[in-house]
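Visitor: Just passing along the structure, written as structure tokens.
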Protein chains: 2
Amino acid sequence: MEGLTRKQREILERERQILALARPILVEEGYSALSMDRLAGQMEYAKGTLYNHFPNKEEIVVALAIESLELRRTLFEKAALMSANSRERMMAIGCACERYALQCAEHFAVEQMLRNAMIWEKASPKRQEIIRNCELRAMGVVAGVVRDAVAGGDLELPQMTAEEFVFGFWALTYGSHALIATSPSLPDIGVVNPVRAIRFHGWTLMNGYNWKQPMPFEQADRMMDEMAERVMQHVAQ
Amino acid sequence: MEGLTRKQREILERERQILALARPILVEEGYSALSMDRLAGQMEYAKGTLYNHFPNKEEIVVALAIESLELRRTLFEKAALMSANSRERMMAIGCACERYALQCAEHFAVEQMLRNAMIWEKASPKRQEIIRNCELRAMGVVAGVVRDAVAGGDLELPQMTAEEFVFGFWALTYGSHALIATSPSLPDIGVVNPVRAIRFHGWTLMNGYNWKQPMPFEQADRMMDEMAERVMQHVAQ
DNA sequence: GATTTTTTTGACGCTTTGTCAATAATTGAC
DNA sequence: GTCAATTATTGACAAAGCGTCAAAAAAATC
């Protein structure tokens with residue numbers, strides 16, 4: 001915010017304002033409720049001015065998603081830095097995922113929209129690049145923990161890159177929370193406590209890989225509750 | 001198709017025709033390319049007639065998704081019936097998931113659209129019910145295999161319902177294929193062979209649960225290739 | 001204070017959805 | 001076979017949203 005002219009700061013500020021106005025509409029009323037006319041009305045600017053900031057409606061959504069991805073990355077980084085052994089650090093990241101999806105559900109929902117081709121395709125190359133970079137960095141954080149584990153002798157990587165290893169946990173947590181958020185009535189299907197189930201599956205997967213310093217599930221479960229506390233206190237909402 | 005009047009059959013036939021026309025547009029050109037005017041034009045019927053069949057555009061998508069869900073369920077059922085021990089039957093289902101997502105990518109993509117609130121919310125209660133039922137039955141098939149495994153002494157369920165147990169594998173396969181289909185450039189992130197990675201993770205998760213009659217991964221991998229053959233020969237495309 | 005540059009504006013063109021009164025086709029009673 | 005009643009089809013139309021762009025306003029520069 002420093003090395004910028006007044007004009008540039010004004011523009012940035014207004015951009016923030018647009019996004020701040022757009023997010024609750026998008027989250028609470030859905031994509032179709034977010035109209036440029038409405039946004040312009042609430043902003044007390046003409047529609048054309050909005051289009052000076054964002055070339056189309058989708059870009060606004062993408063910009064919001066970037067904010068959300070950045071929050072997630074922050075949580076990951078915090079989690080990865082927790083002083084503990086490698087397995088516990090991985091648990092902390094899983095925990096961050098869980099809390100992000102549940103407590104920052106708005107962010108998770110917006111992030112999800114990126115997976116819609118309709119939106120992704122209209123994103124500018126620049127923002128696409130930012131997003132790829134965000135994913136890359138998030139992956140880097142987790143893969144780092146895995147590499148530490150290998151280096152420290154806690155884990156043996158089975159004919160896979162660290163990233164492919166991480167991919168499994170990513171799929172597990174992402175998949176479960178996507179299903180929780182969008183599957184009509186998991187409980188009716190018999191999945192009464194999906195969150196606990198996923199903790200257990202993650203724990204079991206680690207066991208399957210023989211990740212060192214295992215602990216009984218009950219203990220891991222309690223530990224994740226505490227970790228959640230610590231990771232999320234950063235998000236004072 | 002039997003106990004129906006000629007009229008009813010005609011209506012059903014035209015419904016099929018609409019869906020057959022809509023699917024390639026939706027799959028190849030995306031949701032926004034699917035317009036009611038265009039569809040009516042190609043059908044050589046007026047738009048109003050389309051609206052006699054489907055109350056809105058979204059319902060067409062939902063109807064297509066139902067067809068896809070039904071195909072998936074069929075694959076599941078075929079896989080679950082393969083003569084083998086419980087662990088191999090579970091592998092066969094995982095395999096069906098994998099092939100469905102990769103070889104029937106159009107179906108998988110359409111199915112995914114249901115997870116979009118914009119679409120789901122506009123679905124008629126009747127079709128919502130059908131979908132829930134489809135999910136319920138698919139879950140039933142897989143949970144059945146798990147219960148068989150428990151009954152046969154191959155597996156011990158750890159403080160979970162069979163459905164919650166299945167949920168883990170569901171999340172893993174669903175998540176991974178959703179990521180594969182929508183994540184911009186997994187390879188750039190370091191995930192070179194996500195499909196193989198997921199097979200390995202699934203295999204490891206089973207090991208973690210101590211599911212009986214384990215086999216070396218290489219062997220499991222080859223077996224899944226064969227199973228794929230058998231399961232998919234049903235989908236002569 | 002005049003001229004140039006930048007920013008803002010909102011009416012307009014275009015597309016798409018979904019409706020509905022008018023029209024056409026079908027049915028079945030006699 | 002005819003005709004009234006029912007049912008199905010049609011396409012013009014209203015409504016709403018996106019994105020544009022020439023004109024107007026504001027800011028910057030000299």
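Here, A, B, ... name the chains of the structure tokens in the order displayed, residue numbers run from 1 inside each chain, and ligands are numbered from 1 in the same displayed order.
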Counting only C-alpha atoms (C1' of nucleotides), give me one row per residue of chain D with an atom at most 10 Å from an atom of chain B, showing the shortest contact pair and its distance in Å to one decimal, sorted by chain then residue number, as CSV.

Guide:
```
residue,atom,partner,partner_atom,distance
D:DA8,C1',B:Thr49,CA,8.3
D:DT9,C1',B:Thr49,CA,6.4
D:DT10,C1',B:Ala46,CA,6.0
D:DG11,C1',B:Ala46,CA,7.2
```

Visitor: Step one, run DSSP on the backbone; step two, keep only residues of region 70-136 of chain A assigned to helix (DSSP H, G or I); then write them as an MDAnalysis selection string.

Guide: chainID A and resid 70:80 86:103 105:113 117:120 125:136

Visitor: Please list as a list in words every residue within 12 Å of Met223 (chain B), counting only C-alpha atoms (C1' of nucleotides) and excluding residues in the same chain fewer than 5 positions away.

Guide: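 Everything that qualifies: Ala84, Arg87, Glu88, Arg89, Met91, Ala92, Gly94, Cys95, Arg199, Met215, Pro216, Phe217, Glu218, Ala228, Glu229 and Arg230 of chain B.
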
Visitor: For the contact check between chain C and chain A, emit one row per residue of chain C within 9 Å, containing the shortest atom pair and the distance in Å rounded to one decimal, counting only C-alpha atoms (C1' of nucleotides), chain then rising number order, as a tab-separated table.

Guide:
```
residue	atom	partner	partner_atom	distance
C:DT7	C1'	A:Thr49	CA	8.4
C:DT8	C1'	A:Thr49	CA	6.4
C:DT9	C1'	A:Ala46	CA	6.0
C:DG10	C1'	A:Ala46	CA	7.1
```

Visitor: At a cut-off of 7 Å, list the chain A residues touching chain B, using only C-alpha atoms, as a ChimeraX atom specification.

Guide: /A:115,132,136,163-164,168,171-172,174-176,182,184,189-191,194,197-198,201,204-205,207-209

Visitor: Those residues you just picked out, can you put them in a file as a short mmCIF file (atom, residue, chain, number, x, y, z; two decimals), in the first residue's frame with C-alpha atoms?

Guide:
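What follows is the written file out.cif:
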```cif
data_model
loop_
_atom_site.label_atom_id
_atom_site.label_comp_id
_atom_site.auth_asym_id
_atom_site.auth_seq_id
_atom_site.Cartn_x
_atom_site.Cartn_y
_atom_site.Cartn_z
CA ARG A 115 -14.20 -25.52 -10.13
CA ARG A 132 -2.29 -21.71 -9.64
CA LEU A 136 1.25 -24.47 -5.61
CA GLU A 163 3.06 -34.29 -3.89
CA GLU A 164 1.31 -37.45 -5.01
CA GLY A 168 -4.35 -38.55 -1.25
CA ALA A 171 -8.61 -35.73 -2.07
CA LEU A 172 -9.85 -37.20 1.19
CA TYR A 174 -11.52 -31.94 -0.07
CA GLY A 175 -13.83 -34.71 -1.19
CA SER A 176 -15.44 -35.18 2.17
CA THR A 182 -23.44 -30.40 -1.25
CA PRO A 184 -28.44 -33.77 -0.02
CA ILE A 189 -27.86 -42.20 3.81
CA GLY A 190 -26.43 -43.41 7.09
CA VAL A 191 -23.47 -41.08 7.41
CA PRO A 194 -19.07 -37.41 8.59
CA ALA A 197 -15.50 -40.32 10.19
CA ILE A 198 -13.07 -38.36 8.06
CA HIS A 201 -10.06 -42.22 7.89
CA THR A 204 -6.11 -44.73 9.46
CA LEU A 205 -4.49 -43.71 6.21
CA ASN A 207 -1.38 -45.77 9.99
CA GLY A 208 -1.51 -47.53 6.65
CA TYR A 209 1.60 -45.63 5.62
#
```

Visitor: How many Å lie between CA of Asp37 (chain B) and CA of Pro55 (chain B), rounded to one decimal?

Guide: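 Answer for the CA of Asp37 (chain B) to CA of Pro55 (chain B) separation: 14.3 Å.
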
Visitor: Do a neighbour search on region 13-23 of chain C at 9 Å with only C-alpha atoms (C1' of nucleotides), toss out local chain neighbours closer than 2 positions, and write the hits as a PyMOL selection string.

Guide: (chain B and resi 35-37+48+51+55-57) or (chain D and resi 9-10+13-18+20)

Visitor: Distance CA of Val142 (chain B)-CA of Glu121 (chain B), one decimal place?

Guide: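 CA of Glu121 (chain B) lies 27.7 Å from CA of Val142 (chain B).
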
Visitor: How far is it from CA of Leu155 (chain B) to CA of Trp211 (chain B), in Å with one decimal?

Guide: 4.9 Å
